[in-house]
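K.L.:
My structure is in structure_21.txt, and what it holds is compact mmCIF, C-alpha atoms:
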```txt
# COMPACT_ATOMS: atom_id res chain seq x y z
CA MET A 1 129.77 40.49 -20.16
CA GLN A 2 132.87 41.43 -22.09
CA GLN A 3 133.74 45.13 -21.88
CA ARG A 4 133.20 46.93 -25.16
CA LYS A 5 136.46 47.85 -26.80
CA LEU A 6 137.42 50.89 -28.80
CA ILE A 7 139.35 49.62 -31.79
CA VAL A 8 141.34 51.67 -34.28
CA TYR A 9 141.51 49.94 -37.66
CA ILE A 10 143.38 51.92 -40.26
CA ALA A 11 145.76 51.70 -43.20
CA ALA A 12 149.00 53.65 -43.39
CA SER A 13 151.96 53.86 -45.71
CA THR A 14 155.24 52.38 -44.49
CA ASP A 15 156.34 55.93 -43.67
CA GLY A 16 153.28 56.44 -41.49
CA PHE A 17 150.89 58.51 -43.60
CA ILE A 18 147.17 57.72 -43.74
CA ALA A 19 146.54 60.04 -46.68
CA GLY A 20 148.34 62.44 -48.97
CA GLU A 21 148.59 66.14 -48.26
CA GLN A 22 145.29 66.75 -50.06
CA ASP A 23 143.68 63.75 -48.31
CA GLU A 24 144.43 61.52 -51.32
CA LEU A 25 143.88 57.83 -50.73
CA ASP A 26 145.12 56.59 -54.12
CA PHE A 27 147.94 54.65 -52.50
CA LEU A 28 145.43 52.16 -51.12
CA SER A 29 144.88 50.90 -54.66
CA LEU A 30 148.39 49.43 -54.57
CA VAL A 31 147.05 46.55 -52.48
CA GLU A 32 143.65 46.09 -54.11
CA GLN A 33 143.12 42.46 -55.01
CA ALA A 34 139.91 40.72 -56.05
CA GLY A 35 138.50 38.63 -53.21
CA GLU A 36 140.92 39.99 -50.59
CA ASP A 37 139.49 42.34 -47.97
CA TYR A 38 142.38 42.00 -45.49
CA GLY A 39 140.07 40.77 -42.73
CA TYR A 40 137.80 43.82 -42.90
CA GLN A 41 134.47 41.97 -43.06
CA ARG A 42 135.42 39.70 -40.19
CA PHE A 43 136.44 42.73 -38.16
CA ILE A 44 133.34 44.75 -39.02
CA GLU A 45 131.08 41.98 -37.73
CA THR A 46 132.51 42.51 -34.24
CA ILE A 47 131.45 46.17 -34.09
CA ASP A 48 128.13 48.01 -34.02
CA THR A 49 129.29 51.56 -33.43
CA VAL A 50 131.58 53.79 -35.48
CA ILE A 51 133.41 56.98 -34.61
CA VAL A 52 134.90 59.00 -37.42
CA GLY A 53 136.08 62.57 -37.85
CA LYS A 54 134.07 64.86 -40.11
CA ARG A 55 137.00 65.42 -42.49
CA THR A 56 137.44 61.68 -43.00
CA TYR A 57 133.66 61.31 -43.37
CA ASP A 58 133.54 64.06 -46.00
CA LYS A 59 136.46 62.48 -47.85
CA VAL A 60 134.64 59.16 -48.20
CA LEU A 61 131.50 60.88 -49.45
CA SER A 62 133.48 63.07 -51.86
CA MET A 63 134.84 59.91 -53.47
CA GLY A 64 131.29 59.06 -54.52
CA TYR A 65 130.77 56.29 -52.00
CA PRO A 66 127.76 56.13 -49.70
CA PHE A 67 128.75 56.28 -46.02
CA PRO A 68 129.62 52.62 -45.38
CA HIS A 69 128.41 52.52 -41.75
CA SER A 70 124.85 53.80 -41.98
CA ASP A 71 123.65 50.43 -40.63
CA LYS A 72 125.50 51.11 -37.37
CA GLU A 73 125.38 53.76 -34.70
CA ALA A 74 127.76 56.26 -36.21
CA TYR A 75 129.16 59.37 -34.59
CA ILE A 76 130.66 61.90 -36.96
CA ILE A 77 132.85 64.14 -34.82
CA THR A 78 132.41 67.74 -35.93
CA HIS A 79 132.51 71.31 -34.67
CA THR A 80 129.33 72.21 -36.55
CA PRO A 81 125.92 71.19 -35.16
CA GLN A 82 123.86 69.18 -37.64
CA ALA A 83 120.75 67.02 -37.27
CA SER A 84 121.15 63.24 -37.13
CA GLU A 85 120.34 61.24 -40.25
CA GLY A 86 118.90 57.95 -39.02
CA SER A 87 121.62 56.25 -36.98
CA VAL A 88 124.27 58.68 -38.22
CA HIS A 89 124.82 61.33 -35.56
CA PHE A 90 126.82 64.52 -36.06
CA TYR A 91 128.40 64.98 -32.67
CA ASN A 92 129.89 68.30 -31.62
CA GLY A 93 130.21 67.55 -27.90
CA ASN A 94 133.21 66.23 -25.97
CA LEU A 95 134.72 63.23 -27.76
CA ILE A 96 136.23 61.80 -24.59
CA VAL A 97 132.91 61.90 -22.72
CA LEU A 98 131.17 60.28 -25.67
CA VAL A 99 133.61 57.38 -25.79
CA GLN A 100 133.54 56.90 -22.03
CA GLN A 101 129.74 56.73 -22.17
CA LEU A 102 129.70 54.33 -25.12
CA LYS A 103 132.13 52.02 -23.35
CA GLN A 104 129.76 51.84 -20.37
CA GLN A 105 126.89 50.72 -22.58
CA SER A 106 126.45 47.14 -23.70
CA GLY A 107 127.00 46.22 -27.32
CA LYS A 108 129.58 45.09 -29.79
CA HIS A 109 132.90 46.88 -30.09
CA ILE A 110 133.40 50.48 -31.21
CA PHE A 111 135.37 51.16 -34.39
CA CYS A 112 137.37 54.33 -34.77
CA ASP A 113 137.85 54.90 -38.50
CA GLY A 114 140.09 57.99 -38.17
CA GLY A 115 141.18 60.60 -38.77
CA ALA A 116 144.49 61.33 -37.15
CA ASN A 117 143.11 64.03 -34.81
CA ILE A 118 140.46 61.72 -33.39
CA ILE A 119 143.00 58.91 -32.92
CA HIS A 120 145.40 61.31 -31.22
CA GLN A 121 142.77 62.43 -28.72
CA LEU A 122 141.67 58.87 -27.98
CA LEU A 123 145.25 57.65 -27.49
CA SER A 124 146.08 60.67 -25.34
CA HIS A 125 143.23 59.70 -23.00
CA GLN A 126 144.12 56.01 -23.08
CA LEU A 127 140.79 55.08 -24.60
CA VAL A 128 142.10 52.85 -27.40
CA ASP A 129 141.98 49.15 -26.54
CA GLU A 130 143.21 47.63 -29.80
CA LEU A 131 145.02 48.90 -32.83
CA TYR A 132 145.05 47.43 -36.33
CA ILE A 133 147.52 49.06 -38.71
CA SER A 134 147.57 47.79 -42.27
CA VAL A 135 151.00 48.83 -43.53
CA ILE A 136 150.84 49.54 -47.27
CA PRO A 137 154.16 48.89 -49.07
CA VAL A 138 154.92 52.41 -50.20
CA LEU A 139 156.77 55.47 -48.96
CA LEU A 140 154.20 58.18 -49.54
CA GLY A 141 156.81 60.87 -48.92
CA SER A 142 154.42 63.40 -47.43
CA GLY A 143 150.87 63.61 -46.19
CA ILE A 144 148.80 63.28 -43.04
CA SER A 145 150.64 61.37 -40.33
CA LEU A 146 148.79 58.60 -38.53
CA PHE A 147 150.52 59.49 -35.28
CA LYS A 148 151.02 62.96 -33.84
CA SER A 149 153.59 63.84 -31.24
CA GLY A 150 152.83 64.65 -27.62
CA ARG A 151 151.27 61.55 -26.14
CA PRO A 152 152.43 59.51 -23.16
CA MET A 153 154.48 56.36 -23.78
CA GLN A 154 152.21 53.34 -24.11
CA PRO A 155 153.45 49.77 -24.51
CA LEU A 156 151.64 47.46 -26.92
CA GLN A 157 151.16 43.72 -26.99
CA LEU A 158 151.46 42.25 -30.47
CA ILE A 159 148.43 40.04 -31.16
CA SER A 160 149.36 39.18 -34.73
CA ALA A 161 151.30 40.29 -37.77
CA THR A 162 149.90 39.03 -41.04
CA SER A 163 151.47 39.57 -44.42
CA TYR A 164 149.57 39.31 -47.68
CA PRO A 165 150.62 38.63 -51.27
CA LYS A 166 150.35 42.29 -52.31
CA GLY A 167 152.84 43.22 -49.58
CA LEU A 168 150.39 44.62 -47.04
CA VAL A 169 151.36 43.73 -43.47
CA GLN A 170 148.59 43.97 -40.94
CA LEU A 171 149.80 44.65 -37.41
CA HIS A 172 147.30 43.98 -34.64
CA TYR A 173 148.08 45.18 -31.11
CA GLU A 174 146.44 45.34 -27.73
CA CYS A 175 147.15 48.65 -26.01
CA LEU A 176 148.64 48.19 -22.55
CA PRO A 177 148.50 50.70 -19.68
CA VAL A 178 150.44 53.90 -20.17
CA VAL A 179 153.83 54.26 -18.48
CA LYS A 180 153.49 57.04 -15.86
CA MET B 1 179.16 40.96 -59.95
CA GLN B 2 176.18 41.93 -57.85
CA GLN B 3 175.75 45.69 -57.44
CA ARG B 4 176.45 46.84 -53.91
CA LYS B 5 173.30 47.85 -52.11
CA LEU B 6 172.68 50.62 -49.62
CA ILE B 7 170.60 49.07 -46.86
CA VAL B 8 168.85 50.92 -44.04
CA TYR B 9 168.44 48.67 -41.00
CA ILE B 10 166.78 50.41 -38.09
CA ALA B 11 164.38 49.97 -35.20
CA ALA B 12 161.38 52.22 -34.65
CA SER B 13 158.44 52.37 -32.31
CA THR B 14 155.01 51.49 -33.73
CA ASP B 15 154.32 55.23 -33.94
CA GLY B 16 157.44 55.75 -36.02
CA PHE B 17 160.04 57.16 -33.64
CA ILE B 18 163.64 55.95 -33.67
CA ALA B 19 164.49 57.66 -30.38
CA GLY B 20 162.95 59.84 -27.71
CA GLU B 21 163.13 63.62 -27.80
CA GLN B 22 166.46 63.53 -25.96
CA ASP B 23 167.75 60.69 -28.18
CA GLU B 24 166.71 58.10 -25.58
CA LEU B 25 166.86 54.51 -26.77
CA ASP B 26 165.46 52.90 -23.63
CA PHE B 27 162.44 51.58 -25.53
CA LEU B 28 164.69 49.09 -27.31
CA SER B 29 165.05 47.21 -24.03
CA LEU B 30 161.40 46.17 -24.34
CA VAL B 31 162.43 43.55 -26.86
CA GLU B 32 165.74 42.44 -25.36
CA GLN B 33 165.86 38.69 -25.08
CA ALA B 34 168.82 36.45 -24.37
CA GLY B 35 170.02 34.72 -27.53
CA GLU B 36 167.79 36.74 -29.87
CA ASP B 37 169.50 39.32 -32.09
CA TYR B 38 166.60 39.72 -34.56
CA GLY B 39 168.77 38.69 -37.48
CA TYR B 40 171.36 41.40 -36.87
CA GLN B 41 174.46 39.19 -37.04
CA ARG B 42 173.28 37.52 -40.24
CA PHE B 43 172.64 40.96 -41.73
CA ILE B 44 175.94 42.43 -40.59
CA GLU B 45 177.88 39.67 -42.34
CA THR B 46 176.55 40.93 -45.67
CA ILE B 47 178.01 44.42 -45.23
CA ASP B 48 181.53 45.86 -45.05
CA THR B 49 180.78 49.58 -45.03
CA VAL B 50 178.76 51.68 -42.62
CA ILE B 51 177.30 55.16 -42.94
CA VAL B 52 176.03 56.84 -39.82
CA GLY B 53 175.24 60.39 -38.77
CA LYS B 54 177.46 62.05 -36.18
CA ARG B 55 174.60 62.53 -33.72
CA THR B 56 173.74 58.83 -33.83
CA TYR B 57 177.44 57.98 -33.56
CA ASP B 58 177.83 60.24 -30.53
CA LYS B 59 174.74 58.72 -28.91
CA VAL B 60 176.18 55.19 -29.15
CA LEU B 61 179.49 56.32 -27.66
CA SER B 62 177.75 58.30 -24.90
CA MET B 63 176.02 55.09 -23.82
CA GLY B 64 179.43 53.68 -22.97
CA TYR B 65 179.68 51.32 -25.92
CA PRO B 66 182.66 51.21 -28.25
CA PHE B 67 181.73 52.07 -31.83
CA PRO B 68 180.48 48.69 -33.07
CA HIS B 69 181.68 49.05 -36.66
CA SER B 70 185.36 49.88 -36.27
CA ASP B 71 186.18 46.64 -38.15
CA LYS B 72 184.45 48.05 -41.26
CA GLU B 73 184.90 51.07 -43.46
CA ALA B 74 182.82 53.55 -41.52
CA TYR B 75 181.78 57.03 -42.62
CA ILE B 76 180.56 59.28 -39.83
CA ILE B 77 178.67 62.09 -41.55
CA THR B 78 179.48 65.37 -39.86
CA HIS B 79 179.78 69.09 -40.50
CA THR B 80 183.02 69.29 -38.51
CA PRO B 81 186.30 68.14 -40.09
CA GLN B 82 188.10 65.54 -38.00
CA ALA B 83 190.96 63.13 -38.76
CA SER B 84 190.14 59.50 -39.51
CA GLU B 85 190.68 56.92 -36.79
CA GLY B 86 191.75 53.74 -38.55
CA SER B 87 188.88 52.71 -40.82
CA VAL B 88 186.54 55.18 -39.17
CA HIS B 89 186.30 58.28 -41.36
CA PHE B 90 184.69 61.56 -40.32
CA TYR B 91 183.19 62.76 -43.57
CA ASN B 92 182.08 66.34 -44.06
CA GLY B 93 181.71 66.25 -47.82
CA ASN B 94 178.62 65.62 -49.93
CA LEU B 95 176.76 62.55 -48.64
CA ILE B 96 175.11 61.85 -51.98
CA VAL B 97 178.43 61.89 -53.84
CA LEU B 98 179.98 59.61 -51.21
CA VAL B 99 177.22 57.02 -51.55
CA GLN B 100 177.27 57.17 -55.34
CA GLN B 101 181.03 56.55 -55.27
CA LEU B 102 180.76 53.71 -52.75
CA LYS B 103 178.11 52.02 -54.85
CA GLN B 104 180.47 52.06 -57.85
CA GLN B 105 183.17 50.26 -55.88
CA SER B 106 183.19 46.52 -55.37
CA GLY B 107 182.51 45.09 -51.96
CA LYS B 108 179.80 43.87 -49.67
CA HIS B 109 176.70 45.95 -49.04
CA ILE B 110 176.60 49.36 -47.34
CA PHE B 111 174.70 49.72 -44.08
CA CYS B 112 173.06 53.01 -43.16
CA ASP B 113 172.60 52.98 -39.39
CA GLY B 114 170.75 56.32 -39.21
CA GLY B 115 169.94 58.89 -38.14
CA ALA B 116 166.76 60.25 -39.60
CA ASN B 117 168.44 63.11 -41.47
CA ILE B 118 170.82 60.79 -43.28
CA ILE B 119 168.00 58.40 -44.17
CA HIS B 120 165.90 61.30 -45.44
CA GLN B 121 168.66 62.52 -47.74
CA LEU B 122 169.36 59.03 -49.08
CA LEU B 123 165.68 58.32 -49.71
CA SER B 124 165.21 61.72 -51.33
CA HIS B 125 167.96 60.83 -53.81
CA GLN B 126 166.65 57.30 -54.36
CA LEU B 127 169.83 55.78 -53.04
CA VAL B 128 168.28 53.28 -50.62
CA ASP B 129 167.99 49.79 -52.07
CA GLU B 130 166.56 47.91 -49.11
CA LEU B 131 164.88 48.86 -45.89
CA TYR B 132 164.66 46.84 -42.68
CA ILE B 133 162.38 48.33 -40.05
CA SER B 134 162.14 46.50 -36.75
CA VAL B 135 158.84 47.70 -35.30
CA ILE B 136 159.04 47.75 -31.50
CA PRO B 137 155.66 47.21 -29.79
CA VAL B 138 155.29 50.56 -28.08
CA LEU B 139 153.80 53.97 -28.80
CA LEU B 140 156.65 56.23 -27.80
CA GLY B 141 154.37 59.27 -27.92
CA SER B 142 157.05 61.71 -29.01
CA GLY B 143 160.61 61.71 -30.24
CA ILE B 144 162.64 61.69 -33.41
CA SER B 145 160.63 60.47 -36.40
CA LEU B 146 162.18 57.84 -38.64
CA PHE B 147 160.59 59.43 -41.70
CA LYS B 148 160.47 63.12 -42.53
CA SER B 149 158.06 64.70 -44.91
CA GLY B 150 158.92 66.02 -48.36
CA ARG B 151 160.15 63.04 -50.34
CA PRO B 152 158.79 61.67 -53.61
CA MET B 153 156.41 58.72 -53.51
CA GLN B 154 158.31 55.45 -53.69
CA PRO B 155 156.68 52.02 -53.88
CA LEU B 156 158.20 49.17 -51.90
CA GLN B 157 158.27 45.44 -52.44
CA LEU B 158 157.77 43.46 -49.25
CA ILE B 159 160.51 40.84 -48.97
CA SER B 160 159.47 39.50 -45.58
CA ALA B 161 157.62 40.32 -42.37
CA THR B 162 158.84 38.37 -39.38
CA SER B 163 157.31 38.53 -35.93
CA TYR B 164 159.16 37.52 -32.78
CA PRO B 165 158.00 36.38 -29.32
CA LYS B 166 158.65 39.78 -27.71
CA GLY B 167 156.32 41.42 -30.24
CA LEU B 168 158.93 42.92 -32.54
CA VAL B 169 157.91 42.75 -36.20
CA GLN B 170 160.71 43.10 -38.68
CA LEU B 171 159.62 44.48 -42.04
CA HIS B 172 162.06 43.99 -44.91
CA TYR B 173 161.46 45.84 -48.16
CA GLU B 174 163.10 46.36 -51.49
CA CYS B 175 162.81 49.98 -52.64
CA LEU B 176 161.30 50.25 -56.12
CA PRO B 177 161.74 53.15 -58.55
CA VAL B 178 160.18 56.44 -57.52
CA VAL B 179 156.86 57.44 -59.09
CA LYS B 180 157.51 60.54 -61.21
```
Re-express the file's structure as C-alpha cells.

P.N.:
Amino acid sequence: MQQRKLIVYIAASTDGFIAGEQDELDFLSLVEQAGEDYGYQRFIETIDTVIVGKRTYDKVLSMGYPFPHSDKEAYIITHTPQASEGSVHFYNGNLIVLVQQLKQQSGKHIFCDGGANIIHQLLSHQLVDELYISVIPVLLGSGISLFKSGRPMQPLQLISATSYPKGLVQLHYECLPVVK
Amino acid sequence: MQQRKLIVYIAASTDGFIAGEQDELDFLSLVEQAGEDYGYQRFIETIDTVIVGKRTYDKVLSMGYPFPHSDKEAYIITHTPQASEGSVHFYNGNLIVLVQQLKQQSGKHIFCDGGANIIHQLLSHQLVDELYISVIPVLLGSGISLFKSGRPMQPLQLISATSYPKGLVQLHYECLPVVK
C-alpha cells in the first residue's frame, strides 16, 4: 500500500503572498478563466482528508461560499474547542500528532489548504511530502507570506512546472529529506 | 529606437530567499551543471549597464571572483563615496534619479543584479520593466527575502516559464502598470 502523503496545494503571488494584509484573495481573479481549474479537480480526487487553519476556513465562509470539503474528513485547526459538524472536525489538539496519526492510517492523500502558520509547522516537522504552488502573475506588494522564516533547509525535487494562458505557473515539487 | 529596459535577473529559493542569513549562496550549487548557464550569456548580451548594491558586490568579491561586469558601465550603489575604477562607479547619489537618467540615454538594457533593497526601491518606483526569477528547487528556511513588503500591487505578464533538468524553473515576466 502506498503511504498516504501530506500535500500542500496553494496559490501565491509572484512575490510570495497567499493573501493581502486583510486576508484579501481578490488577486486570484486575475487568473480566472472559464473551463480552467488549473488541475484542481484532478488533484482533489487523490485526497480524502483536508487540514486547514481556522482563519483560512473562516475566510472562505466569509466570502459566502459553503465549506468546499464537507464531503471529506476535514480538520479545522483551531485554539477554540467546538463540536464536529458531520465530517468537519474542529481540532484544538497537537497538529503534528494529528498529521502523524493520519499518515499511519490508510486512505487517499491528505490536503493541506493553508494557512501559512499550518504550513510552517508542517514544514518545520518535515511532514510535507509534496508541494504545489500556483504562482499568480502579480506582485501583491504586501500581505501574508506563504513561507515564514526559521525552518531547516530542505531540498525539493521538481516534478513539473506548467504554465497556463493567463500566466499562472504551477510548480509541483516532492519534498526531499532535510539537510541536517 | 527601443526604450532601454531595467531588467532584474536573479535566483531565489522556492521559499523566496536570494541568500542565507549570512549572505550564503551555497544553495546555487544545487543547480550547477556543466554546459548549462540557464540563459545567462544570452541575457547578458542584451545589456551594457549594471546596477548592483554594495553588499551584493562585496559578497561576489569575497567569494574570490573578480567583479563579472567590469566590461560594462557598472553602478555600485553605496552610502560611502569612493572613486570610480574604470567603468565601475561607486554611486552614493539618488538611485531613482540614476535609473531615470540611464533610461533616458541610448544603449542596451540595464541589468539590476540585486540585492533585495535595490530591487525593492526600483519596484516601489515602478522602474522595473522585466523580471527574471530563477527558482532553485530548495526551501532555504531562512535568509534574505527577494521581496520586501510595502510596495503597490503590480500585475505581471508572464513571458515564459522554462524548466531545466536540475529542477530550476526560470520565470520571466514583463512588469505591467501599477494598480492605483

K.L.:
Produce a table with one row for each residue of chain A that has an atom at most 8 Å from any atom of chain B, each row naming the nearest atom pair and its distance in Å at one decimal; use only C-alpha atoms; arrange rows by chain and rising residue number; format as a tab-separated table.

P.N.:
```
residue	atom	partner	partner_atom	distance
A:Asp15	CA	B:Phe147	CA	5.8
A:Gly16	CA	B:Gly16	CA	6.9
A:Pro137	CA	B:Leu156	CA	4.9
A:Val138	CA	B:Pro155	CA	4.1
A:Leu139	CA	B:Gln154	CA	5.0
A:Leu140	CA	B:Met153	CA	4.6
A:Gly141	CA	B:Arg151	CA	4.2
A:Ser142	CA	B:Ser149	CA	4.6
A:Gly143	CA	B:Ser149	CA	7.4
A:Leu146	CA	B:Asp15	CA	7.9
A:Phe147	CA	B:Asp15	CA	5.9
A:Lys148	CA	B:Gly141	CA	7.7
A:Ser149	CA	B:Ser142	CA	4.6
A:Gly150	CA	B:Ser142	CA	5.3
A:Arg151	CA	B:Gly141	CA	4.2
A:Pro152	CA	B:Gly141	CA	5.1
A:Met153	CA	B:Leu140	CA	4.6
A:Gln154	CA	B:Leu139	CA	5.0
A:Pro155	CA	B:Val138	CA	4.1
A:Leu156	CA	B:Val138	CA	4.9
A:Gln157	CA	B:Pro137	CA	6.3
A:Leu158	CA	B:Gly167	CA	4.9
A:Ala161	CA	B:Ser163	CA	6.5
A:Thr162	CA	B:Ala161	CA	7.9
A:Ser163	CA	B:Ala161	CA	6.5
A:Gly167	CA	B:Leu158	CA	4.9
A:Leu168	CA	B:Leu158	CA	7.8
A:Val169	CA	B:Ala161	CA	7.2
A:Tyr173	CA	B:Pro137	CA	8.0
```

K.L.:
Rounded to one decimal, what separation in Å do you get between CA of Gly115 (chain B) and CA of Val52 (chain B)?

P.N.:
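Computing the Euclidean distance for CA of Gly115 (chain B) and CA of Val52 (chain B) yields 6.6 Å.
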
K.L.:
Would you work out the distance separating CA of Ile110 (chain B) from CA of Tyr75 (chain B), expressed in Å to one decimal?

P.N.:
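If I compute the distance from CA of Ile110 (chain B) to CA of Tyr75 (chain B), I get 10.4 Å.
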
K.L.:
Counting all atoms listed in the file, which residues come within 10 Å of (177.2, 45.4, -35.9), with the point read in the file's coordinates, and could you list them as a PyMOL selection string?

P.N.:
chain B and resi 40-45+47+50+67-72+111+113

K.L.:
Which residue gives the smallest distance to Gly107 (chain B) among B:Gln22, B:Gln82, B:Thr46, B:Gln33, with all atoms listed in the file counted?

P.N.:
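Nearest candidate to Gly107 (chain B) out of B:Gln22, B:Gln82, B:Thr46, B:Gln33: B:Thr46.
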
K.L.:
Using all atoms listed in the file, which protein or nucleic acid residues come within 12 Å of Lys5 (chain B)? Drop anything in the same chain fewer than 2 positions from it, and give the result as a PyMOL selection string.

P.N.:
chain B and resi 1-3+7-8+46-50+99-100+102-112+126-131+174-175

K.L.:
Pick out the closest residue to Ile10 (chain B) from this set: B:Ser134, B:Asp58, B:Asn117, B:His172. Count only C-alpha atoms.

P.N.:
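Closest residue, counting only C-alpha atoms: B:Ser134.
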
K.L.:
Measure the distance from CA of Ile118 (chain A) to CA of Pro177 (chain A) in Å and round it to one decimal.

P.N.:
19.3 Å

K.L.:
Go ahead and fit an axis-aligned box to every listed atom of region 129-144 of chain B plus 6 Å each side, and pass me the centre and edge lengths in Å, one decimal, as AutoDock Vina command-line options.

P.N.:
```
--center_x 160.9 --center_y 54.1 --center_z -39.9 --size_x 26.2 --size_y 27.2 --size_z 36.3
```

K.L.:
Complete region 86-100 of chain B with N, CA and C atoms (output as a CSV table (one decimal), in the frame of the given file).

P.N.:
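Output (selection-v2.csv):
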```csv
chain,number,residue,atom,x,y,z
B,86,GLY,N,191.8,55.1,-37.9
B,86,GLY,CA,191.8,53.7,-38.6
B,86,GLY,C,190.8,53.7,-39.7
B,87,SER,N,189.8,52.8,-39.7
B,87,SER,CA,188.9,52.7,-40.8
B,87,SER,C,187.6,53.5,-40.6
B,88,VAL,N,187.7,54.3,-39.5
B,88,VAL,CA,186.5,55.2,-39.2
B,88,VAL,C,186.8,56.6,-39.7
B,89,HIS,N,186.1,57.0,-40.7
B,89,HIS,CA,186.3,58.3,-41.4
B,89,HIS,C,185.2,59.3,-41.0
B,90,PHE,N,185.6,60.5,-40.6
B,90,PHE,CA,184.7,61.6,-40.3
B,90,PHE,C,184.6,62.3,-41.6
B,91,TYR,N,183.4,62.3,-42.2
B,91,TYR,CA,183.2,62.8,-43.6
B,91,TYR,C,182.3,64.0,-43.5
B,92,ASN,N,182.9,65.1,-44.0
B,92,ASN,CA,182.1,66.3,-44.1
B,92,ASN,C,181.9,66.8,-45.5
B,93,GLY,N,182.0,65.9,-46.4
B,93,GLY,CA,181.7,66.2,-47.8
B,93,GLY,C,180.2,66.0,-48.2
B,94,ASN,N,180.0,65.8,-49.4
B,94,ASN,CA,178.6,65.6,-49.9
B,94,ASN,C,178.2,64.2,-49.8
B,95,LEU,N,177.2,63.9,-48.9
B,95,LEU,CA,176.8,62.6,-48.6
B,95,LEU,C,176.3,61.8,-49.9
B,96,ILE,N,175.6,62.5,-50.8
B,96,ILE,CA,175.1,61.8,-52.0
B,96,ILE,C,176.3,61.4,-52.9
B,97,VAL,N,177.3,62.2,-53.0
B,97,VAL,CA,178.4,61.9,-53.8
B,97,VAL,C,179.1,60.7,-53.2
B,98,LEU,N,179.3,60.7,-51.9
B,98,LEU,CA,180.0,59.6,-51.2
B,98,LEU,C,179.3,58.3,-51.5
B,99,VAL,N,178.0,58.3,-51.4
B,99,VAL,CA,177.2,57.0,-51.6
B,99,VAL,C,177.3,56.6,-53.0
B,100,GLN,N,177.2,57.5,-53.9
B,100,GLN,CA,177.3,57.2,-55.3
B,100,GLN,C,178.6,56.5,-55.6
```
